[in-house]
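Step one of this worksheet: look at the structure below.
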Amino acid sequence: MHWRHQSYKNSLENPDSLQSAEYRERTGRNHVYRGIVSYDGTNYFGFQKQGEDKITIQSELERCLMQITCLDRELLCLGAAGRTDAGVHARKQVFHFYTKEPLKDELNFMRACNRLLNEDVRVMEIAKPHPMFHSRFHAIEKTYRYTIDFGLPHSPFHRKTALSVGYREYDMKLLEEACKVFVGTHDFAAFMNRSRDGKNLERNSERTIYSFDVIRGGGEEEGGERYEDPSSSLVYLYVTGNGFLYKQVRNMVGAILSVAGGRYTIDDLKLFMEKKDRKLIPMAAPAKGLCLYDVKYPDEMYFSPPPSSSSLRI
């Protein structure tokens, strides 16, 4: 069982292990809230806070939350589903934070956040989830989208959100075949960069990729069904899995483009995975084309359960 799934299971079966009365009294974190934030990551040093001199999505969210709630950063204890790198965007980044007292109105709270945030960051939702909710540990599925512009000249409207490759020839069939190589459960050590502290090298590098789809232009309908637009110069790579290693998606896209461009073969790609050596892999695709597209959780974690009859006071 994946460790995140085990964490979810433990939090439901052993409620005293997380958010116990003792924990709440000690920390003052009496209520947890789930938020969804969308952002253009061009002007930010990633999601995670990195000191006072670098502007990040986390630091901006904390600035607003502290101003609205009058709580300090330690009590808010803001966390997110994924720590996107500098220049990476998000359509649906999920975060959580704690408060001493319940929010009076989640909708007005969201609006207050957006009045304080820069225009390239928007909180899309604030809701009360299951009291054990943790945006990172309880995530069971993530989808990233990488955008490639094959047009020549490239569109100036996509210069901050797409990788322009129109100056080279690419084989789209090979690109699709290369994406399929990654589907399934594999050891992705070769596609993982070393973190600053190096601790990620000691962890399990096995992940499961559920799908890796290539969509030409188009978009997504209300029901989640994706459609294509053959006339578009944009190609979207949607990859969904149970979790991703540090820079894994960008490294996979870089390798896929190398195969589609004729530098390497499909067999080379399989060999890279087998060798588990990051030095063999082509350069990672640039951050600007990557977007955290969606994060999913078990249904039980989305909403706060109604109080049991034994806890009701008449």
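Residue numbering restarts at 1 in every chain; chains get A, B, ... in the order shown in the structure tokens, and ligands count up from 1 in that same order.
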Any idea what's packed within 12 Å of Leu280 (chain A), counting only C-alpha atoms, ignoring anything in its chain fewer than 4 positions away? Could you give it as a list in words? Ala189, Ala190, Phe191, Met192, Asn251, Gly254, Ala255, Tyr264, Asp268, Leu269, Lys270, Leu271, Phe272, Met273, Glu274, Lys275, Lys276 and Ala284 of chain A
Members of region 191-307 of chain A assigned alpha helix (DSSP H) by DSSP, as a ChimeraX atom specification | /A:248-260,266-275
Can you spit out the residues from that selection as an mmCIF file, in the first residue's frame, using C-alpha atoms?
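Output contents, as saved in again.cif:
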data_model
loop_
_atom_site.group_PDB
_atom_site.id
_atom_site.type_symbol
_atom_site.label_atom_id
_atom_site.label_comp_id
_atom_site.auth_asym_id
_atom_site.auth_seq_id
_atom_site.Cartn_x
_atom_site.Cartn_y
_atom_site.Cartn_z
ATOM 1 C CA GLN A 248 10.016 13.828 -12.407
ATOM 2 C CA VAL A 249 7.462 15.258 -14.828
ATOM 3 C CA ARG A 250 9.859 17.762 -16.388
ATOM 4 C CA ASN A 251 12.525 15.053 -16.755
ATOM 5 C CA MET A 252 10.032 12.698 -18.416
ATOM 6 C CA VAL A 253 8.909 15.426 -20.845
ATOM 7 C CA GLY A 254 12.533 16.239 -21.698
ATOM 8 C CA ALA A 255 13.185 12.571 -22.486
ATOM 9 C CA ILE A 256 9.955 12.264 -24.505
ATOM 10 C CA LEU A 257 10.900 15.241 -26.680
ATOM 11 C CA SER A 258 14.363 13.761 -27.229
ATOM 12 C CA VAL A 259 12.744 10.580 -28.558
ATOM 13 C CA ALA A 260 10.208 12.475 -30.707
ATOM 14 C CA ILE A 266 11.937 4.099 -27.468
ATOM 15 C CA ASP A 267 14.363 1.332 -26.476
ATOM 16 C CA ASP A 268 16.776 3.966 -25.146
ATOM 17 C CA LEU A 269 13.972 5.349 -22.985
ATOM 18 C CA LYS A 270 13.273 1.904 -21.528
ATOM 19 C CA LEU A 271 16.995 1.427 -20.892
ATOM 20 C CA PHE A 272 17.212 4.760 -19.050
ATOM 21 C CA MET A 273 14.492 3.602 -16.697
ATOM 22 C CA GLU A 274 16.180 0.255 -16.181
ATOM 23 C CA LYS A 275 19.611 1.792 -15.453
#
Show me a table, sorted first by chain and then by increasing residue number, of the residues of region 48-101 of chain A having an atom at most 7 Å from region 288-303 of chain A, each with its shortest atom pair and the distance in Å to one decimal, counting only C-alpha atoms and written as a tab-separated table.
residue	atom	partner	partner_atom	distance
A:Gly87	CA	A:Lys288	CA	5.4
A:Val88	CA	A:Leu290	CA	5.5
A:His89	CA	A:Cys291	CA	4.5
A:Ala90	CA	A:Leu292	CA	4.4
A:Arg91	CA	A:Tyr293	CA	5.0
A:Lys92	CA	A:Asp294	CA	5.2
A:Gln93	CA	A:Leu292	CA	6.6
Keeping C-alpha atoms, export the residues of the selection given above as a PDB file, in the first residue's frame.
ATOM      1  CA  GLY A  87       8.142  29.152 -12.726  1.00  0.00           C
ATOM      2  CA  VAL A  88       5.675  26.248 -12.522  1.00  0.00           C
ATOM      3  CA  HIS A  89       1.975  27.114 -12.643  1.00  0.00           C
ATOM      4  CA  ALA A  90      -1.087  25.606 -10.989  1.00  0.00           C
ATOM      5  CA  ARG A  91      -4.692  25.312 -12.043  1.00  0.00           C
ATOM      6  CA  LYS A  92      -5.707  23.464  -8.880  1.00  0.00           C
ATOM      7  CA  GLN A  93      -3.157  23.505  -6.094  1.00  0.00           C
TER       8      GLN A  93
END
Judged by only C-alpha atoms, the minimum distance to Tyr167 (chain A) among A:Asn204, A:Asp187, A:Gly261, A:Ile215 is found for A:Gly261
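Across the model, the gap from CA of Arg34 (chain A) to CA of Ser304 (chain A) is 10.5 Å.
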Q) Pick from A:His96, A:Lys247, A:His186, A:Lys180: nearest to His138 (chain A), with only C-alpha atoms counted? A)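 The closest residue to His138 (chain A) is A:His96.
Pairwise distance (CA of His31 (chain A), CA of His134 (chain A)) equals 12.1 Å.
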(Q) For the strand (DSSP E or B) assignment from backbone DSSP, which residues of region 197-254 of chain A qualify? Please present them as a list in words. (A) Glu206, Arg207, Thr208, Ile209, Tyr210, Ser211, Phe212, Asp213, Val214, Ile215, Arg216, Gly219, Glu220, Arg226, Tyr227, Leu234, Val235, Tyr236, Leu237, Tyr238, Val239, Thr240 and Gly241 of chain A
How close does each residue of region 161-212 of chain A get to region 225-243 of chain A, giving the shortest atom pair and distance in Å to one decimal for every residue with an atom at most 8 Å away, counting only C-alpha atoms, sorted by chain and residue number, as a tab-separated table?
residue	atom	partner	partner_atom	distance
A:Arg207	CA	A:Gly243	CA	6.4
A:Thr208	CA	A:Gly241	CA	5.5
A:Ile209	CA	A:Gly241	CA	4.2
A:Tyr210	CA	A:Gly241	CA	5.2
A:Ser211	CA	A:Thr240	CA	5.3
A:Phe212	CA	A:Val239	CA	4.3
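For the set A:Gly184, A:Pro282, A:Leu117, A:Gly217, the residue with the smallest atom-to-atom gap to Asp149 (chain A) is A:Gly217, counting only C-alpha atoms.
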- Between CA of Leu152 (chain A) and CA of Glu177 (chain A), what is the spacing in Å?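 Distance between the two atoms: 24.1 Å.
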If you count only C-alpha atoms, which residues fall within 10 Å of region 107-110 of chain A, apart from same-chain ones fewer than 6 positions away, as a PDB file with C-alpha atoms, in the first residue's frame?
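This is the output file part-v5.pdb:
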ATOM      1  CA  GLY A  35      -8.306  25.751  -0.059  1.00  0.00           C
ATOM      2  CA  ILE A  36      -7.777  25.666  -3.820  1.00  0.00           C
ATOM      3  CA  LEU A  65      -4.073  34.599   6.075  1.00  0.00           C
ATOM      4  CA  ILE A  68      -7.182  38.313   7.952  1.00  0.00           C
ATOM      5  CA  THR A  69      -7.082  35.926  10.935  1.00  0.00           C
ATOM      6  CA  ARG A 122      -6.274  33.533  -6.967  1.00  0.00           C
ATOM      7  CA  VAL A 123      -7.893  31.483  -4.224  1.00  0.00           C
ATOM      8  CA  MET A 124     -10.721  29.601  -5.936  1.00  0.00           C
ATOM      9  CA  GLU A 125     -12.286  27.914  -2.920  1.00  0.00           C
ATOM     10  CA  ILE A 126     -12.226  27.714   0.871  1.00  0.00           C
ATOM     11  CA  ALA A 127     -14.145  24.834   2.466  1.00  0.00           C
TER      12      ALA A 127
END
